[in-house]
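To be precise, the following lines are structure_1.txt, and they hold compact mmCIF, C-alpha atoms and all ligand atoms.
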```
# COMPACT_ATOMS: atom_id res chain seq x y z
CA MET A 1 -12.43 30.06 50.65
CA LYS A 2 -13.78 31.33 47.32
CA ARG A 3 -10.28 32.12 46.16
CA TYR A 4 -9.12 28.68 47.22
CA PHE A 5 -11.75 27.05 44.97
CA CYS A 6 -10.75 29.29 42.12
CA TYR A 7 -7.12 28.14 42.39
CA MET A 8 -8.26 24.52 42.58
CA LEU A 9 -10.36 24.94 39.45
CA ILE A 10 -7.57 26.55 37.47
CA GLY A 11 -5.17 23.84 38.64
CA CYS A 12 -7.52 21.05 37.62
CA THR A 13 -8.22 22.57 34.21
CA PHE A 14 -4.49 22.88 33.61
CA LEU A 15 -3.92 19.27 34.61
CA VAL A 16 -6.72 17.96 32.39
CA THR A 17 -5.37 19.95 29.43
CA ILE A 18 -1.86 18.61 29.93
CA LEU A 19 -3.11 15.04 30.38
CA SER A 20 -5.36 15.11 27.34
CA PHE A 21 -2.57 16.63 25.27
CA ASN A 22 -0.22 13.84 26.36
CA PHE A 23 -2.92 11.29 25.68
CA LEU A 24 -3.43 12.55 22.13
CA GLU A 25 0.32 12.66 21.60
CA SER A 26 0.72 9.11 22.82
CA GLN A 27 -1.95 7.80 20.45
CA GLY A 28 -0.65 6.41 17.20
CA LEU A 29 -2.22 6.90 13.77
CA LYS A 30 -4.15 3.64 14.05
CA ASP A 31 -5.70 4.74 17.34
CA VAL A 32 -7.41 7.76 15.87
CA SER A 33 -8.52 6.17 12.61
CA SER A 34 -11.82 4.53 11.77
CA PHE A 35 -10.14 2.36 9.09
CA PRO A 36 -6.87 0.40 9.19
CA ILE A 37 -3.59 2.24 8.70
CA GLY A 38 -0.87 0.12 7.21
CA THR A 39 2.67 0.16 6.02
CA ALA A 40 4.85 -1.80 3.71
CA ILE A 41 8.05 -2.94 5.32
CA ASN A 42 11.21 -4.87 4.73
CA PHE A 43 10.87 -7.42 7.51
CA ASP A 44 14.59 -8.07 8.13
CA GLN A 45 15.14 -4.36 8.54
CA LEU A 46 12.20 -4.04 10.92
CA LYS A 47 13.51 -6.85 13.09
CA ALA A 48 16.95 -5.29 13.33
CA ASP A 49 15.92 -1.72 14.09
CA ALA A 50 14.34 -1.12 17.50
CA LYS A 51 13.31 2.46 16.78
CA LEU A 52 11.69 1.54 13.48
CA LYS A 53 9.85 -1.31 15.16
CA LYS A 54 8.58 0.92 17.96
CA ILE A 55 7.16 3.42 15.45
CA GLN A 56 5.65 0.60 13.41
CA ILE A 57 3.91 -0.98 16.38
CA GLU A 58 2.65 2.32 17.76
CA ASN A 59 1.20 3.64 14.53
CA PHE A 60 0.08 0.83 12.27
CA ASN A 61 -2.48 -1.94 12.48
CA SER A 62 -1.96 -3.36 9.02
CA ILE A 63 1.23 -4.67 7.45
CA THR A 64 2.31 -5.43 3.88
CA ALA A 65 5.61 -7.04 2.90
CA GLU A 66 7.55 -4.65 0.69
CA ASN A 67 9.16 -7.53 -1.25
CA ASP A 68 9.08 -10.67 0.87
CA MET A 69 5.73 -11.92 -0.41
CA LYS A 70 6.45 -11.43 -4.12
CA MET A 71 6.72 -14.48 -6.34
CA TYR A 72 10.51 -14.27 -6.70
CA SER A 73 10.81 -14.32 -2.88
CA VAL A 74 8.32 -17.09 -2.20
CA LYS A 75 9.18 -19.33 -5.16
CA PRO A 76 12.83 -18.59 -6.00
CA ASN A 77 13.18 -21.86 -7.94
CA GLU A 78 11.05 -24.67 -9.22
CA LYS A 79 11.85 -27.07 -6.40
CA GLU A 80 10.95 -25.16 -3.29
CA TYR A 81 8.89 -22.55 -1.56
CA ASN A 82 10.47 -20.07 0.80
CA TRP A 83 7.85 -19.46 3.48
CA ASP A 84 10.23 -18.51 6.23
CA LYS A 85 9.94 -14.72 6.13
CA VAL A 86 6.22 -14.77 5.45
CA ASP A 87 5.71 -16.99 8.50
CA GLN A 88 7.82 -14.63 10.61
CA MET A 89 5.95 -11.58 9.43
CA ILE A 90 2.58 -13.16 10.08
CA ALA A 91 3.66 -14.15 13.60
CA TYR A 92 4.81 -10.57 14.20
CA ALA A 93 1.50 -9.21 12.91
CA GLN A 94 -0.47 -11.55 15.13
CA ARG A 95 1.58 -10.63 18.20
CA ASN A 96 0.94 -6.97 17.53
CA LYS A 97 -2.66 -7.27 16.41
CA GLN A 98 -2.02 -6.14 12.86
CA ARG A 99 -3.88 -7.11 9.74
CA VAL A 100 -1.72 -8.87 7.12
CA PHE A 101 -2.11 -7.78 3.53
CA GLY A 102 -0.68 -10.04 0.83
CA HIS A 103 1.27 -8.31 -1.91
CA THR A 104 1.22 -9.71 -4.54
CA LEU A 105 0.22 -12.92 -6.34
CA VAL A 106 0.66 -12.06 -10.03
CA TRP A 107 2.87 -9.18 -11.08
CA HIS A 108 5.19 -8.94 -14.09
CA SER A 109 8.01 -7.42 -12.01
CA GLY A 110 7.61 -10.03 -9.30
CA THR A 111 7.80 -12.98 -11.68
CA PRO A 112 11.14 -14.79 -11.34
CA ASP A 113 13.21 -15.44 -14.45
CA TRP A 114 12.86 -19.20 -14.19
CA VAL A 115 9.06 -18.86 -14.49
CA LYS A 116 9.41 -16.49 -17.45
CA GLU A 117 11.71 -18.87 -19.27
CA LYS A 118 9.63 -21.96 -18.70
CA GLY A 119 6.31 -20.20 -19.17
CA ARG A 120 7.25 -18.73 -22.56
CA LYS A 121 7.96 -22.19 -23.88
CA ASP A 122 5.03 -24.06 -22.38
CA THR A 123 1.52 -22.63 -22.16
CA LEU A 124 0.09 -25.61 -20.36
CA TRP A 125 2.82 -25.56 -17.78
CA LEU A 126 2.25 -21.85 -17.06
CA ASP A 127 -1.48 -22.35 -16.78
CA ASN A 128 -0.95 -25.15 -14.26
CA PHE A 129 1.72 -23.28 -12.40
CA LEU A 130 -0.58 -20.29 -11.86
CA LYS A 131 -3.19 -22.55 -10.33
CA GLU A 132 -0.83 -24.54 -8.17
CA TYR A 133 1.04 -21.48 -6.92
CA ILE A 134 -2.11 -19.64 -5.89
CA PHE A 135 -3.66 -22.70 -4.27
CA ASP A 136 -0.49 -23.48 -2.32
CA TYR A 137 0.13 -19.89 -1.26
CA VAL A 138 -3.34 -18.58 -0.48
CA GLY A 139 -4.33 -21.97 0.94
CA ARG A 140 -1.37 -22.01 3.32
CA TYR A 141 -2.30 -18.63 4.75
CA LYS A 142 -6.03 -19.09 4.69
CA GLY A 143 -7.62 -17.06 7.46
CA LYS A 144 -4.28 -15.38 8.24
CA VAL A 145 -3.97 -13.01 5.30
CA ASP A 146 -6.93 -10.66 5.24
CA GLY A 147 -6.63 -9.53 1.64
CA TRP A 148 -4.45 -10.00 -1.42
CA ASP A 149 -3.32 -7.94 -4.36
CA VAL A 150 -4.23 -10.77 -6.69
CA VAL A 151 -3.12 -8.98 -9.83
CA ASN A 152 -0.76 -6.03 -9.68
CA GLU A 153 -0.22 -3.58 -12.55
CA GLY A 154 -2.07 -5.59 -15.18
CA LEU A 155 -2.58 -2.46 -17.28
CA GLU A 156 0.01 -0.61 -19.35
CA THR A 157 1.76 2.31 -17.64
CA LYS A 158 -0.28 4.76 -19.75
CA GLY A 159 -3.71 4.40 -21.31
CA GLY A 160 -6.10 1.57 -20.57
CA ASP A 161 -4.75 -1.49 -22.40
CA TYR A 162 -3.76 -4.73 -20.78
CA ARG A 163 -0.06 -4.81 -20.03
CA LYS A 164 1.85 -7.12 -22.33
CA THR A 165 3.55 -9.41 -19.86
CA LEU A 166 4.44 -13.07 -19.81
CA TRP A 167 1.04 -13.77 -18.27
CA TYR A 168 -0.92 -11.82 -20.85
CA ASP A 169 1.13 -12.98 -23.83
CA VAL A 170 0.80 -16.64 -22.96
CA LEU A 171 -2.60 -16.90 -21.26
CA GLY A 172 -4.43 -13.80 -22.51
CA LYS A 173 -6.52 -11.66 -20.18
CA ASN A 174 -7.90 -14.91 -18.84
CA TYR A 175 -4.97 -15.07 -16.43
CA ILE A 176 -6.66 -12.29 -14.44
CA TYR A 177 -9.97 -14.16 -14.26
CA LYS A 178 -8.22 -17.34 -13.29
CA ALA A 179 -6.04 -15.76 -10.63
CA PHE A 180 -9.06 -14.27 -8.85
CA ARG A 181 -11.03 -17.50 -9.07
CA TYR A 182 -8.20 -19.65 -7.73
CA ALA A 183 -7.55 -17.23 -4.88
CA HIS A 184 -11.21 -17.26 -3.96
CA GLN A 185 -11.37 -21.04 -4.02
CA ALA A 186 -8.27 -21.26 -1.85
CA ASP A 187 -9.62 -18.81 0.74
CA PRO A 188 -13.27 -17.81 0.23
CA SER A 189 -13.16 -15.15 2.92
CA ALA A 190 -10.03 -13.31 1.74
CA LYS A 191 -10.60 -9.93 0.11
CA LEU A 192 -9.25 -9.89 -3.40
CA PHE A 193 -7.87 -6.74 -5.00
CA TYR A 194 -6.74 -5.51 -8.35
CA ASN A 195 -3.95 -2.99 -7.68
CA ASP A 196 -2.37 -0.41 -9.98
CA PHE A 197 -0.55 2.94 -10.19
CA ASN A 198 -1.35 6.30 -11.80
CA ILE A 199 -5.06 5.46 -11.88
CA GLU A 200 -5.59 8.47 -9.62
CA ARG A 201 -4.25 10.80 -12.33
CA ASP A 202 -4.56 9.08 -15.71
CA THR A 203 -8.25 9.04 -16.52
CA LEU A 204 -7.70 6.88 -19.62
CA LYS A 205 -6.04 4.27 -17.47
CA LEU A 206 -8.84 4.57 -14.93
CA ARG A 207 -11.36 3.99 -17.70
CA GLY A 208 -9.47 0.84 -18.73
CA LEU A 209 -9.57 -0.31 -15.14
CA LEU A 210 -13.28 0.37 -14.75
CA ASN A 211 -14.04 -1.51 -17.97
CA MET A 212 -12.02 -4.42 -16.72
CA VAL A 213 -13.85 -4.41 -13.38
CA LYS A 214 -17.18 -4.33 -15.18
CA GLU A 215 -16.16 -7.32 -17.27
CA LEU A 216 -14.90 -9.22 -14.25
CA LYS A 217 -18.13 -8.60 -12.41
CA SER A 218 -20.29 -9.60 -15.36
CA GLU A 219 -18.40 -12.90 -15.48
CA ASN A 220 -18.88 -13.34 -11.72
CA VAL A 221 -15.16 -13.13 -11.03
CA PRO A 222 -14.76 -12.70 -7.26
CA ILE A 223 -13.06 -9.31 -7.08
CA SER A 224 -13.59 -7.45 -3.78
CA GLY A 225 -11.58 -4.31 -4.19
CA ILE A 226 -9.48 -1.83 -6.11
CA GLY A 227 -6.06 -0.80 -4.86
CA PHE A 228 -4.88 2.68 -5.74
CA GLN A 229 -1.13 2.55 -5.19
CA MET A 230 -1.25 6.34 -4.83
CA HIS A 231 2.41 7.09 -5.36
CA ILE A 232 1.62 10.72 -5.93
CA ARG A 233 3.45 13.98 -6.54
CA MET A 234 2.81 17.33 -4.95
CA ASP A 235 1.34 18.70 -8.18
CA ILE A 236 -1.25 16.00 -8.85
CA PRO A 237 -4.46 18.03 -8.42
CA ASP A 238 -6.73 17.09 -5.52
CA GLU A 239 -9.74 17.52 -7.81
CA VAL A 240 -8.47 14.79 -10.11
CA ILE A 241 -7.79 12.46 -7.20
CA GLU A 242 -11.25 13.12 -5.86
CA TYR A 243 -12.85 12.41 -9.23
CA THR A 244 -10.99 9.15 -9.83
CA LEU A 245 -11.58 7.82 -6.31
CA LYS A 246 -15.25 8.65 -6.62
CA MET A 247 -15.52 6.83 -9.95
CA ALA A 248 -13.83 3.77 -8.47
CA ALA A 249 -16.00 3.88 -5.35
CA GLU A 250 -19.09 3.84 -7.55
CA THR A 251 -18.27 0.25 -8.45
CA GLY A 252 -19.27 -0.59 -4.87
CA LEU A 253 -15.92 -2.36 -4.34
CA LEU A 254 -13.56 -1.83 -1.41
CA ILE A 255 -11.03 0.92 -2.01
CA HIS A 256 -7.51 0.54 -0.64
CA LEU A 257 -4.94 3.32 -0.87
CA SER A 258 -2.29 0.68 -0.94
CA GLU A 259 1.16 2.24 -1.38
CA VAL A 260 0.90 5.89 -0.43
CA ASP A 261 3.76 8.37 -0.62
CA ILE A 262 4.01 11.97 -1.85
CA ILE A 263 7.10 13.14 -3.69
CA PHE A 264 8.31 16.58 -4.74
CA ASN A 265 10.47 15.54 -7.68
CA GLU A 266 9.53 13.69 -10.84
CA HIS A 267 10.25 10.39 -12.53
CA ASP A 268 9.19 8.59 -15.68
CA ASP A 269 7.80 5.50 -13.91
CA THR A 270 10.88 3.44 -14.75
CA ARG A 271 13.80 2.27 -12.61
CA ASN A 272 16.51 5.00 -12.35
CA GLY A 273 14.09 7.40 -14.06
CA GLY A 274 14.19 10.20 -11.47
CA ILE A 275 14.31 13.89 -12.38
CA GLN A 276 15.80 15.96 -9.59
CA ASN A 277 14.04 19.34 -9.48
CA PHE A 278 14.36 19.91 -5.74
CA ASN A 279 17.59 19.31 -3.89
CA GLU A 280 16.56 20.42 -0.47
CA LEU A 281 13.51 20.15 1.72
CA THR A 282 12.50 23.58 3.03
CA GLU A 283 10.07 24.40 5.84
CA GLU A 284 7.53 25.64 3.25
CA MET A 285 7.76 22.36 1.39
CA LYS A 286 7.16 20.42 4.60
CA ILE A 287 4.03 22.45 5.30
CA ALA A 288 2.75 22.07 1.73
CA GLN A 289 3.29 18.32 1.94
CA ALA A 290 1.42 18.20 5.24
CA LYS A 291 -1.54 19.89 3.55
CA LYS A 292 -1.43 17.41 0.70
CA TYR A 293 -1.48 14.46 3.11
CA GLU A 294 -4.36 16.05 4.97
CA SER A 295 -6.34 16.53 1.74
CA LEU A 296 -5.75 12.95 0.72
CA VAL A 297 -7.35 11.66 3.93
CA ASN A 298 -10.21 14.12 3.60
CA ILE A 299 -10.90 13.09 0.01
CA TYR A 300 -10.78 9.40 0.92
CA LYS A 301 -13.25 9.94 3.74
CA LYS A 302 -15.48 12.13 1.63
CA VAL A 303 -15.87 10.06 -1.53
CA VAL A 304 -15.37 6.49 -0.36
CA PRO A 305 -18.36 5.25 1.66
CA LYS A 306 -17.40 4.00 5.10
CA GLU A 307 -18.10 0.35 4.38
CA GLN A 308 -15.80 0.51 1.34
CA GLN A 309 -12.84 2.02 3.22
CA TYR A 310 -10.38 -0.84 3.35
CA GLY A 311 -7.66 1.45 4.66
CA ILE A 312 -4.63 3.53 3.86
CA THR A 313 -1.23 1.87 3.56
CA PHE A 314 2.10 3.65 3.18
CA TRP A 315 4.93 2.31 1.07
CA ASP A 316 7.68 2.58 3.69
CA PHE A 317 7.13 5.26 6.27
CA THR A 318 10.46 7.06 6.63
CA ASP A 319 12.40 9.35 4.31
CA ARG A 320 15.42 7.27 5.28
CA ASP A 321 14.12 4.00 3.87
CA THR A 322 11.75 5.03 1.10
CA TRP A 323 11.88 2.94 -2.09
CA ILE A 324 11.62 6.18 -4.11
CA LYS A 325 15.27 7.06 -3.54
CA ARG A 326 16.55 3.56 -4.27
CA PHE A 327 14.33 2.81 -7.23
CA PHE A 328 14.34 6.09 -9.12
CA LYS A 329 17.88 7.10 -8.04
CA ILE A 330 16.74 10.41 -6.71
CA LYS A 331 16.74 12.42 -3.51
CA ASP A 332 13.25 13.02 -2.07
CA TRP A 333 11.21 13.18 1.14
CA PRO A 334 7.92 11.38 0.53
CA CYS A 335 7.03 10.05 4.00
CA LEU A 336 5.54 11.02 7.37
CA PHE A 337 8.81 10.38 9.22
CA ASP A 338 12.10 12.05 8.29
CA GLU A 339 15.60 10.66 7.77
CA ASN A 340 16.14 10.46 11.53
CA LEU A 341 12.80 8.72 12.01
CA GLU A 342 11.30 11.82 13.61
CA THR A 343 7.76 12.95 12.82
CA LYS A 344 7.29 15.61 10.09
CA PRO A 345 4.43 18.14 9.87
CA ALA A 346 2.84 15.64 7.45
CA TYR A 347 2.47 13.18 10.32
CA TYR A 348 0.40 15.60 12.41
CA ALA A 349 -1.69 16.80 9.48
CA PHE A 350 -2.44 13.22 8.43
CA LYS A 351 -3.37 12.34 12.00
CA LYS A 352 -5.55 15.40 12.43
CA ALA A 353 -7.47 14.53 9.27
CA LEU A 354 -7.99 10.97 10.50
CA GLN A 355 -9.35 12.32 13.75
CA ASN A 356 -11.78 14.84 12.34
C1 LIG B 1 9.04 -1.88 -4.94
C2 LIG B 1 9.89 -2.05 -3.68
O1 LIG B 1 9.57 -1.01 -2.80
C3 LIG B 1 11.34 -2.02 -4.04
O2 LIG B 1 12.13 -2.34 -2.91
C4 LIG B 1 11.65 -3.01 -5.17
O3 LIG B 1 12.98 -2.86 -5.59
C5 LIG B 1 10.73 -2.78 -6.35
O4 LIG B 1 9.38 -2.83 -5.91
N1 LIG B 1 4.53 -0.78 -6.98
C6 LIG B 1 4.41 -1.96 -6.30
C7 LIG B 1 5.45 -2.37 -5.31
O5 LIG B 1 3.37 -2.62 -6.42
O6 LIG B 1 5.59 -3.77 -5.23
C8 LIG B 1 6.78 -1.73 -5.65
O7 LIG B 1 7.68 -2.05 -4.61
C9 LIG B 1 6.62 -0.24 -5.81
C10 LIG B 1 5.68 0.07 -6.93
```

Go ahead and express the file in the form of structure tokens.
Ligand code: XIL
Amino acid sequence: MKRYFCYMLIGCTFLVTILSFNFLESQGLKDVSSFPIGTAINFDQLKADAKLKKIQIENFNSITAENDMKMYSVKPNEKEYNWDKVDQMIAYAQRNKQRVFGHTLVWHSGTPDWVKEKGRKDTLWLDNFLKEYIFDYVGRYKGKVDGWDVVNEGLETKGGDYRKTLWYDVLGKNYIYKAFRYAHQADPSAKLFYNDFNIERDTLKLRGLLNMVKELKSENVPISGIGFQMHIRMDIPDEVIEYTLKMAAETGLLIHLSEVDIIFNEHDDTRNGGIQNFNELTEEMKIAQAKKYESLVNIYKKVVPKEQQYGITFWDFTDRDTWIKRFFKIKDWPCLFDENLETKPAYYAFKKALQN
């Protein structure tokens, strides 16, 4: 009898272990995270690829359009808006209980040529256009888009100066103030972000950003958060990332890691500017990348207070589709899923850190 109970006990323990293991395995990233986990995606591609869609639905509860919500997509010409894809993506997000993040209202690289041409010639027109565009766009999706990158990359690539773009040249830094104010008027409950790159590594640029935030706040401009794009490289020191995130968190604003990926190679921040140092992904490199992803989550949780954690969003989530290869003309492996859409060690390390 005693022996019988012993066997039963061992059997049950075994079963529970197997079941809980399967349960953990079947949970996606979003299920183990206390803040939203998002991804940028090309919506047409997502629709057409069942495997990609399955991974997206299982793991993410926030979605950002990779390009479909940029100005050149939404307002390709003066006569019309193109809402079609945005509507589709929002319907998809609602069906799958995902938060929609709007990227991006004002960005030099997202500005269509027709706006540049007209805007350069006519200050008043550009000023009006900015207002009308934001009111139409943010107003249309009021209550449906949770947050917006209102201004993207408004600072120069290096250092802390305002980036000299059409918007800055014609309207001065006022375009930033105005964009936030219009967006807030159009949807008072939307969270409004300033988003930029390299602010996790370039402390001069970070200082520029923090000065700008201070100014915006002193003028009562309704900014709710800072987006760190966080396109990082394996050799960007964790200590620097920790320091910059901490400084940004001290503003009290929400902090969004908005476009995360981790590359091995280098680039000069310009299109086609890749420098191919590594041609192959080895097992050691996969493990090192997993550690880096794990540290990133740990740093975010450590230095950003809970109520300021807006979430972590990846910029594409597979090594097959990553923008890095297309944009910088380089081979790399920046994502949690590999070229065959299978999970990499980085996936498990990232998940473990979310869980802890
Ligand atoms: C990138 C897209 O991923 C590419 O498909 C496109 O060709 C260029 O833009 N910072 C941003 C994103 O804010 O909008 C950029 O997205 C990547 C860098």

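Closest to Phe327 of chain A among A:Asn356, A:Lys51, A:Asn61, A:Arg271 is A:Arg271, based on only C-alpha atoms.
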
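Atom CA of Asn198 of chain A lies 24.3 Å from atom CA of Asn279 of chain A.
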
Proximity of chain A to ligand LIG 1 (chain B): per-residue shortest pair, 7 Å limit, all atoms listed in the file, as JSON lines:
```
{"residue": "A:Glu66", "atom": "CA", "partner": "B:LIG1", "partner_atom": "O1", "distance": 5.4}
{"residue": "A:Asn67", "atom": "CA", "partner": "B:LIG1", "partner_atom": "C2", "distance": 6.0}
{"residue": "A:Asn152", "atom": "CA", "partner": "B:LIG1", "partner_atom": "O5", "distance": 6.3}
{"residue": "A:Gln229", "atom": "CA", "partner": "B:LIG1", "partner_atom": "N1", "distance": 6.8}
{"residue": "A:Trp315", "atom": "CA", "partner": "B:LIG1", "partner_atom": "O1", "distance": 6.9}
{"residue": "A:Trp323", "atom": "CA", "partner": "B:LIG1", "partner_atom": "O1", "distance": 4.6}
{"residue": "A:Phe327", "atom": "CA", "partner": "B:LIG1", "partner_atom": "O3", "distance": 6.1}
```

Counting only C-alpha atoms, closest pick from A:Gly160, A:Asp44, A:Lys173, A:Val74 relative to Gln88 of chain A is A:Asp44

Got a sec: who's within 9 Å of Gly273 of chain A, counting only C-alpha atoms, leaving out chain neighbours fewer than 6 positions off, as a PyMOL selection string? chain A and resi 266-267+327-330

Per-residue nearest contacts of segment 123-164 of chain A to segment 303-310 of chain A (12 Å; all atoms listed in the file) as JSON lines:
```
{"residue": "A:Asp146", "atom": "CA", "partner": "A:Tyr310", "partner_atom": "CA", "distance": 10.6}
{"residue": "A:Gly147", "atom": "CA", "partner": "A:Tyr310", "partner_atom": "CA", "distance": 9.6}
{"residue": "A:Trp148", "atom": "CA", "partner": "A:Tyr310", "partner_atom": "CA", "distance": 11.9}
```
